[in-house]
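Undergrad: Structure in structure tokens, see below.
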Amino acid sequence: MEEEIRREFSEIKKEILSLKDSLRLKEEQIQTLKESLKYKDKKIEDLEESLKDKDFERKELIQQMKQKQLKIEKLKQTLNNQVSLAEKDKKISELQNIINQLNEKLEKTEEILENKESEGIFSKGEIIDFTNLETNYQKILNKMNEILINTLHSVNIIVPCITDLEKLSLYDIKSNIMVKISCLIDPNIKEHAELFDEYQFSENISIRNYEREDKFIILRDNEELLFSIIGNEENNPLTFYTRDTEHIKALTPMVMDIWLRSKKI
């Protein structure tokens, strides 16, 4: 029995060490973020005051995490064979929950900082250099979904590959909405063929083969447009969104040209 308790205690110690490593990694990530913020352009100086408050909040969270680490260390020193395994598990679980809550707060703080930073960059009214501006493709698809579900009459969709359509809520829109889709479809690939047959079964969906695999586009009711061109570098598409009627009027012929050049299967 004593050997089993020692083995259980040893496993708990390993879990505690693992938690320490996780916390140390978070501290390194925070340090990296702080160093990155130091080199921001003078053009966002007016943003620095708001960042100070967030930075202070973040430091407080880090300090709380350090205090929790100390509690874990003290717990390791004070636990002994007189404490039941159930009590050990309970205390470890409570500390883990607290650490998880602090991690969530820290992640939210970092997200706020990133959003504030973006607001500072894009609120200057200057020409934006998209050459090295990274955009997550999942965010593009999420935005396409937001536009798609607001469709009232018709929508044009262009994606690199037919498998990308699985990330869009095509079956959540009404059956009276006309949907035109251009994307890569390789009939020799089983998954492509099965998806094509599935979408073709819907009377309101028309789908054609567009082989260039270079764009994410959605045009809704000629009222809303998301246009994204894939760049040379990974996660570097030229992406913009607009509801301006003149913008949409100018770009609609390009969207329709892709549809016309897409091949029927």
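A note on labels: chains of the structure tokens are A, B, ... as shown, every chain counts residues from 1, and ligands are counted from 1 in their shown order.
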List every residue of region 110-264 of chain A that DSSP, applied to the backbone, labels as strand (DSSP E), and write the result as number ranges by chain.

TA: A: 154-161, 178-184, 205-209, 215-220, 224-229, 238-242

Undergrad: List every residue of region 182-219 of chain A that DSSP, applied to the backbone of this structure, assigns to alpha helix (DSSP H), and report them as a list in words.

TA: Lys190, Glu191, His192, Ala193, Glu194, Leu195, Phe196, Asp197, Glu198, Tyr199 and Gln200 of chain A

Undergrad: Could you write out that same residue set with N, CA and C atoms as an mmCIF file, in the first residue's frame?

TA:
data_model
loop_
_atom_site.group_PDB
_atom_site.id
_atom_site.type_symbol
_atom_site.label_atom_id
_atom_site.label_comp_id
_atom_site.auth_asym_id
_atom_site.auth_seq_id
_atom_site.Cartn_x
_atom_site.Cartn_y
_atom_site.Cartn_z
ATOM 1 N N LYS A 190 -11.578 10.713 -55.722
ATOM 2 C CA LYS A 190 -12.855 10.205 -55.237
ATOM 3 C C LYS A 190 -13.599 11.232 -54.396
ATOM 4 N N GLU A 191 -12.894 11.898 -53.497
ATOM 5 C CA GLU A 191 -13.548 12.874 -52.622
ATOM 6 C C GLU A 191 -14.147 14.012 -53.448
ATOM 7 N N HIS A 192 -13.410 14.476 -54.475
ATOM 8 C CA HIS A 192 -13.911 15.537 -55.341
ATOM 9 C C HIS A 192 -15.190 15.089 -56.053
ATOM 10 N N ALA A 193 -15.146 13.878 -56.601
ATOM 11 C CA ALA A 193 -16.293 13.364 -57.344
ATOM 12 C C ALA A 193 -17.525 13.222 -56.455
ATOM 13 N N GLU A 194 -17.330 12.742 -55.236
ATOM 14 C CA GLU A 194 -18.454 12.555 -54.315
ATOM 15 C C GLU A 194 -19.053 13.898 -53.904
ATOM 16 N N LEU A 195 -18.193 14.879 -53.625
ATOM 17 C CA LEU A 195 -18.689 16.198 -53.247
ATOM 18 C C LEU A 195 -19.425 16.862 -54.409
ATOM 19 N N PHE A 196 -18.872 16.707 -55.614
ATOM 20 C CA PHE A 196 -19.510 17.297 -56.789
ATOM 21 C C PHE A 196 -20.921 16.725 -56.976
ATOM 22 N N ASP A 197 -21.056 15.416 -56.874
ATOM 23 C CA ASP A 197 -22.375 14.787 -57.009
ATOM 24 C C ASP A 197 -23.328 15.281 -55.926
ATOM 25 N N GLU A 198 -22.790 15.480 -54.735
ATOM 26 C CA GLU A 198 -23.620 15.927 -53.617
ATOM 27 C C GLU A 198 -24.153 17.341 -53.859
ATOM 28 N N TYR A 199 -23.277 18.236 -54.316
ATOM 29 C CA TYR A 199 -23.708 19.617 -54.548
ATOM 30 C C TYR A 199 -24.600 19.719 -55.788
ATOM 31 N N GLN A 200 -24.316 18.910 -56.800
ATOM 32 C CA GLN A 200 -25.132 18.923 -58.005
ATOM 33 C C GLN A 200 -26.568 18.476 -57.722
#

Undergrad: Which residues of region 240-265 of chain A come within 12 Å of region 141-149 of chain A, and for each one, what is the closest pair of atoms and their distance in Å to one decimal, counting only C-alpha atoms, sorted by chain and residue number, as a Markdown table?

TA:
| residue | atom | partner | partner_atom | distance |
| --- | --- | --- | --- | --- |
| A:Phe240 | CA | A:Lys143 | CA | 10.9 |
| A:Tyr241 | CA | A:Lys143 | CA | 9.3 |
| A:Thr242 | CA | A:Ile147 | CA | 11.2 |
| A:Arg243 | CA | A:Ile147 | CA | 10.9 |

Undergrad: Please write the residues from the selection above to a file, keeping N, CA, C and O atoms, as a PDB file, in the first residue's frame.

TA:
ATOM      1  N   PHE A 240      -9.603  41.971 -49.019  1.00  0.00           N
ATOM      2  CA  PHE A 240     -10.361  43.157 -48.615  1.00  0.00           C
ATOM      3  C   PHE A 240     -11.849  42.841 -48.665  1.00  0.00           C
ATOM      4  O   PHE A 240     -12.301  41.940 -49.371  1.00  0.00           O
ATOM      5  N   TYR A 241     -12.606  43.606 -47.908  1.00  0.00           N
ATOM      6  CA  TYR A 241     -14.047  43.427 -47.788  1.00  0.00           C
ATOM      7  C   TYR A 241     -14.710  44.782 -47.982  1.00  0.00           C
ATOM      8  O   TYR A 241     -14.207  45.801 -47.497  1.00  0.00           O
ATOM      9  N   THR A 242     -15.834  44.823 -48.695  1.00  0.00           N
ATOM     10  CA  THR A 242     -16.494  46.102 -48.933  1.00  0.00           C
ATOM     11  C   THR A 242     -17.995  45.917 -49.119  1.00  0.00           C
ATOM     12  O   THR A 242     -18.455  44.879 -49.591  1.00  0.00           O
ATOM     13  N   ARG A 243     -18.735  46.972 -48.751  1.00  0.00           N
ATOM     14  CA  ARG A 243     -20.165  47.077 -49.045  1.00  0.00           C
ATOM     15  C   ARG A 243     -20.441  48.319 -49.880  1.00  0.00           C
ATOM     16  O   ARG A 243     -21.604  48.676 -50.093  1.00  0.00           O
TER      17      ARG A 243
END

Undergrad: Closest to Glu134 (chain A) among A:Asp221, A:Glu27, A:Pro253, A:Gly231, using only C-alpha atoms?

TA: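 Among the listed residues, A:Gly231 lies closest to Glu134 (chain A).
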
Undergrad: Measuring atom to atom with only C-alpha atoms, identify which of A:Met256, A:Ile205, A:Ile229, A:Leu19 is nearest to Tyr171 (chain A).

TA: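 Among A:Met256, A:Ile205, A:Ile229, A:Leu19, it is A:Ile205 that comes nearest to Tyr171 (chain A).
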
Undergrad: As an MDAnalysis selection string, please: the residues near Ile162 (chain A) (cut-off 9 Å, only C-alpha atoms, same-chain neighbours under 3 positions excluded).

TA: chainID A and resid 159 165:166 182:186 192 195:196 209

Undergrad: Output N, CA and C atoms for every residue in the selection just made, as an mmCIF file, in the first residue's frame.

TA:
data_model
loop_
_atom_site.group_PDB
_atom_site.id
_atom_site.type_symbol
_atom_site.label_atom_id
_atom_site.label_comp_id
_atom_site.auth_asym_id
_atom_site.auth_seq_id
_atom_site.Cartn_x
_atom_site.Cartn_y
_atom_site.Cartn_z
ATOM 1 N N VAL A 159 -13.604 29.478 -54.548
ATOM 2 C CA VAL A 159 -12.629 28.955 -53.589
ATOM 3 C C VAL A 159 -11.601 28.126 -54.363
ATOM 4 N N LEU A 165 -15.343 23.959 -49.768
ATOM 5 C CA LEU A 165 -16.778 24.214 -49.607
ATOM 6 C C LEU A 165 -17.341 23.553 -48.365
ATOM 7 N N GLU A 166 -16.671 22.511 -47.881
ATOM 8 C CA GLU A 166 -17.145 21.829 -46.673
ATOM 9 C C GLU A 166 -17.064 22.726 -45.449
ATOM 10 N N SER A 182 -17.371 28.431 -58.284
ATOM 11 C CA SER A 182 -16.220 28.074 -59.127
ATOM 12 C C SER A 182 -15.103 27.572 -58.227
ATOM 13 N N CYS A 183 -14.557 26.395 -58.533
ATOM 14 C CA CYS A 183 -13.484 25.828 -57.725
ATOM 15 C C CYS A 183 -12.838 24.677 -58.490
ATOM 16 N N LEU A 184 -11.681 24.253 -58.018
ATOM 17 C CA LEU A 184 -11.020 23.100 -58.636
ATOM 18 C C LEU A 184 -11.801 21.824 -58.339
ATOM 19 N N ILE A 185 -12.110 21.060 -59.403
ATOM 20 C CA ILE A 185 -12.791 19.772 -59.254
ATOM 21 C C ILE A 185 -12.038 18.758 -60.110
ATOM 22 N N ASP A 186 -11.418 17.787 -59.467
ATOM 23 C CA ASP A 186 -10.706 16.729 -60.188
ATOM 24 C C ASP A 186 -11.540 15.454 -60.111
ATOM 25 N N HIS A 192 -13.410 14.476 -54.475
ATOM 26 C CA HIS A 192 -13.911 15.537 -55.341
ATOM 27 C C HIS A 192 -15.190 15.089 -56.053
ATOM 28 N N LEU A 195 -18.193 14.879 -53.625
ATOM 29 C CA LEU A 195 -18.689 16.198 -53.247
ATOM 30 C C LEU A 195 -19.425 16.862 -54.409
ATOM 31 N N PHE A 196 -18.872 16.707 -55.614
ATOM 32 C CA PHE A 196 -19.510 17.297 -56.789
ATOM 33 C C PHE A 196 -20.921 16.725 -56.976
ATOM 34 N N ASN A 209 -15.818 23.924 -62.795
ATOM 35 C CA ASN A 209 -14.402 23.676 -62.532
ATOM 36 C C ASN A 209 -13.572 24.923 -62.858
#

Undergrad: Which residue is closest to Asp172 (chain A)? Choose from A:Lys263, A:Asn156, A:Thr151, A:Glu104 and count only C-alpha atoms.

TA: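 Counting only C-alpha atoms, the residue closest to Asp172 (chain A) is A:Thr151.
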
Undergrad: Suppose you want the space between CA of Glu57 (chain A) and CA of Asn100 (chain A); what is it in Å?

TA: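 Between these atoms lies a distance of 16.9 Å.
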
Undergrad: To one decimal in Å, tell me the separation between CA of Thr135 (chain A) and CA of Asn235 (chain A).

TA: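 Spanning CA of Thr135 (chain A) to CA of Asn235 (chain A) is a straight-line distance of 5.4 Å.
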
Undergrad: As an exercise, work out the distance from CA of Glu11 (chain A) to CA of Ile72 (chain A) in Å and give it to one decimal place.

TA: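 Separating CA of Glu11 (chain A) from CA of Ile72 (chain A) is a distance of 14.5 Å.
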
Undergrad: Please determine, counting only C-alpha atoms, which residue among A:Met178, A:Ile30, A:Ile217, A:Ala250 has the shortest atom-to-atom distance to Ile140 (chain A).

TA: A:Ile217

Undergrad: Might you pull out every residue within 10 Å of Asn236 (chain A), with only C-alpha atoms counted and same-chain residues fewer than 3 positions away left off, and present them as a PDB file with N, CA, C and O atoms, in the first residue's frame?

TA:
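Now in result_21.pdb:
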ATOM      1  N   PHE A 130       0.167  45.553 -48.354  1.00  0.00           N
ATOM      2  CA  PHE A 130      -0.268  44.186 -48.111  1.00  0.00           C
ATOM      3  C   PHE A 130       0.814  43.155 -48.422  1.00  0.00           C
ATOM      4  O   PHE A 130       0.564  41.958 -48.293  1.00  0.00           O
ATOM      5  N   THR A 131       2.013  43.608 -48.821  1.00  0.00           N
ATOM      6  CA  THR A 131       3.034  42.676 -49.294  1.00  0.00           C
ATOM      7  C   THR A 131       3.331  41.583 -48.288  1.00  0.00           C
ATOM      8  O   THR A 131       3.417  40.398 -48.637  1.00  0.00           O
ATOM      9  N   ASN A 132       3.488  41.955 -47.026  1.00  0.00           N
ATOM     10  CA  ASN A 132       3.845  40.972 -46.004  1.00  0.00           C
ATOM     11  C   ASN A 132       2.803  40.905 -44.893  1.00  0.00           C
ATOM     12  O   ASN A 132       3.105  40.494 -43.774  1.00  0.00           O
ATOM     13  N   LEU A 133       1.585  41.332 -45.201  1.00  0.00           N
ATOM     14  CA  LEU A 133       0.526  41.329 -44.194  1.00  0.00           C
ATOM     15  C   LEU A 133      -0.132  39.957 -44.148  1.00  0.00           C
ATOM     16  O   LEU A 133      -0.728  39.507 -45.119  1.00  0.00           O
ATOM     17  N   GLU A 134      -0.024  39.266 -43.017  1.00  0.00           N
ATOM     18  CA  GLU A 134      -0.533  37.904 -42.900  1.00  0.00           C
ATOM     19  C   GLU A 134      -2.026  37.896 -42.580  1.00  0.00           C
ATOM     20  O   GLU A 134      -2.509  38.705 -41.801  1.00  0.00           O
ATOM     21  N   THR A 135      -2.750  36.972 -43.204  1.00  0.00           N
ATOM     22  CA  THR A 135      -4.169  36.764 -42.935  1.00  0.00           C
ATOM     23  C   THR A 135      -4.422  35.263 -42.836  1.00  0.00           C
ATOM     24  O   THR A 135      -4.012  34.510 -43.709  1.00  0.00           O
ATOM     25  N   ASN A 136      -5.096  34.862 -41.784  1.00  0.00           N
ATOM     26  CA  ASN A 136      -5.395  33.446 -41.577  1.00  0.00           C
ATOM     27  C   ASN A 136      -6.531  33.016 -42.502  1.00  0.00           C
ATOM     28  O   ASN A 136      -7.573  33.660 -42.580  1.00  0.00           O
ATOM     29  N   TYR A 137      -6.327  31.899 -43.245  1.00  0.00           N
ATOM     30  CA  TYR A 137      -7.327  31.448 -44.195  1.00  0.00           C
ATOM     31  C   TYR A 137      -8.628  31.039 -43.502  1.00  0.00           C
ATOM     32  O   TYR A 137      -9.707  31.159 -44.076  1.00  0.00           O
ATOM     33  N   SER A 228     -10.254  37.887 -52.022  1.00  0.00           N
ATOM     34  CA  SER A 228      -8.946  37.491 -51.478  1.00  0.00           C
ATOM     35  C   SER A 228      -8.150  36.763 -52.545  1.00  0.00           C
ATOM     36  O   SER A 228      -8.601  35.756 -53.084  1.00  0.00           O
ATOM     37  N   ILE A 229      -6.947  37.296 -52.841  1.00  0.00           N
ATOM     38  CA  ILE A 229      -6.062  36.680 -53.835  1.00  0.00           C
ATOM     39  C   ILE A 229      -4.877  36.065 -53.102  1.00  0.00           C
ATOM     40  O   ILE A 229      -4.170  36.738 -52.350  1.00  0.00           O
ATOM     41  N   ILE A 230      -4.636  34.778 -53.313  1.00  0.00           N
ATOM     42  CA  ILE A 230      -3.548  34.072 -52.640  1.00  0.00           C
ATOM     43  C   ILE A 230      -2.200  34.586 -53.153  1.00  0.00           C
ATOM     44  O   ILE A 230      -1.998  34.741 -54.359  1.00  0.00           O
ATOM     45  N   GLY A 231      -1.274  34.889 -52.223  1.00  0.00           N
ATOM     46  CA  GLY A 231       0.036  35.424 -52.585  1.00  0.00           C
ATOM     47  C   GLY A 231       1.106  34.347 -52.673  1.00  0.00           C
ATOM     48  O   GLY A 231       0.837  33.146 -52.532  1.00  0.00           O
ATOM     49  N   ASN A 232       2.352  34.797 -52.876  1.00  0.00           N
ATOM     50  CA  ASN A 232       3.475  33.859 -52.966  1.00  0.00           C
ATOM     51  C   ASN A 232       3.782  33.220 -51.625  1.00  0.00           C
ATOM     52  O   ASN A 232       4.104  32.039 -51.533  1.00  0.00           O
ATOM     53  N   GLU A 233       3.713  34.027 -50.566  1.00  0.00           N
ATOM     54  CA  GLU A 233       4.053  33.525 -49.235  1.00  0.00           C
ATOM     55  C   GLU A 233       2.828  32.899 -48.577  1.00  0.00           C
ATOM     56  O   GLU A 233       1.682  33.243 -48.879  1.00  0.00           O
ATOM     57  N   THR A 239      -6.367  40.604 -49.233  1.00  0.00           N
ATOM     58  CA  THR A 239      -7.755  40.412 -48.836  1.00  0.00           C
ATOM     59  C   THR A 239      -8.410  41.744 -48.481  1.00  0.00           C
ATOM     60  O   THR A 239      -7.827  42.538 -47.738  1.00  0.00           O
TER      61      THR A 239
END
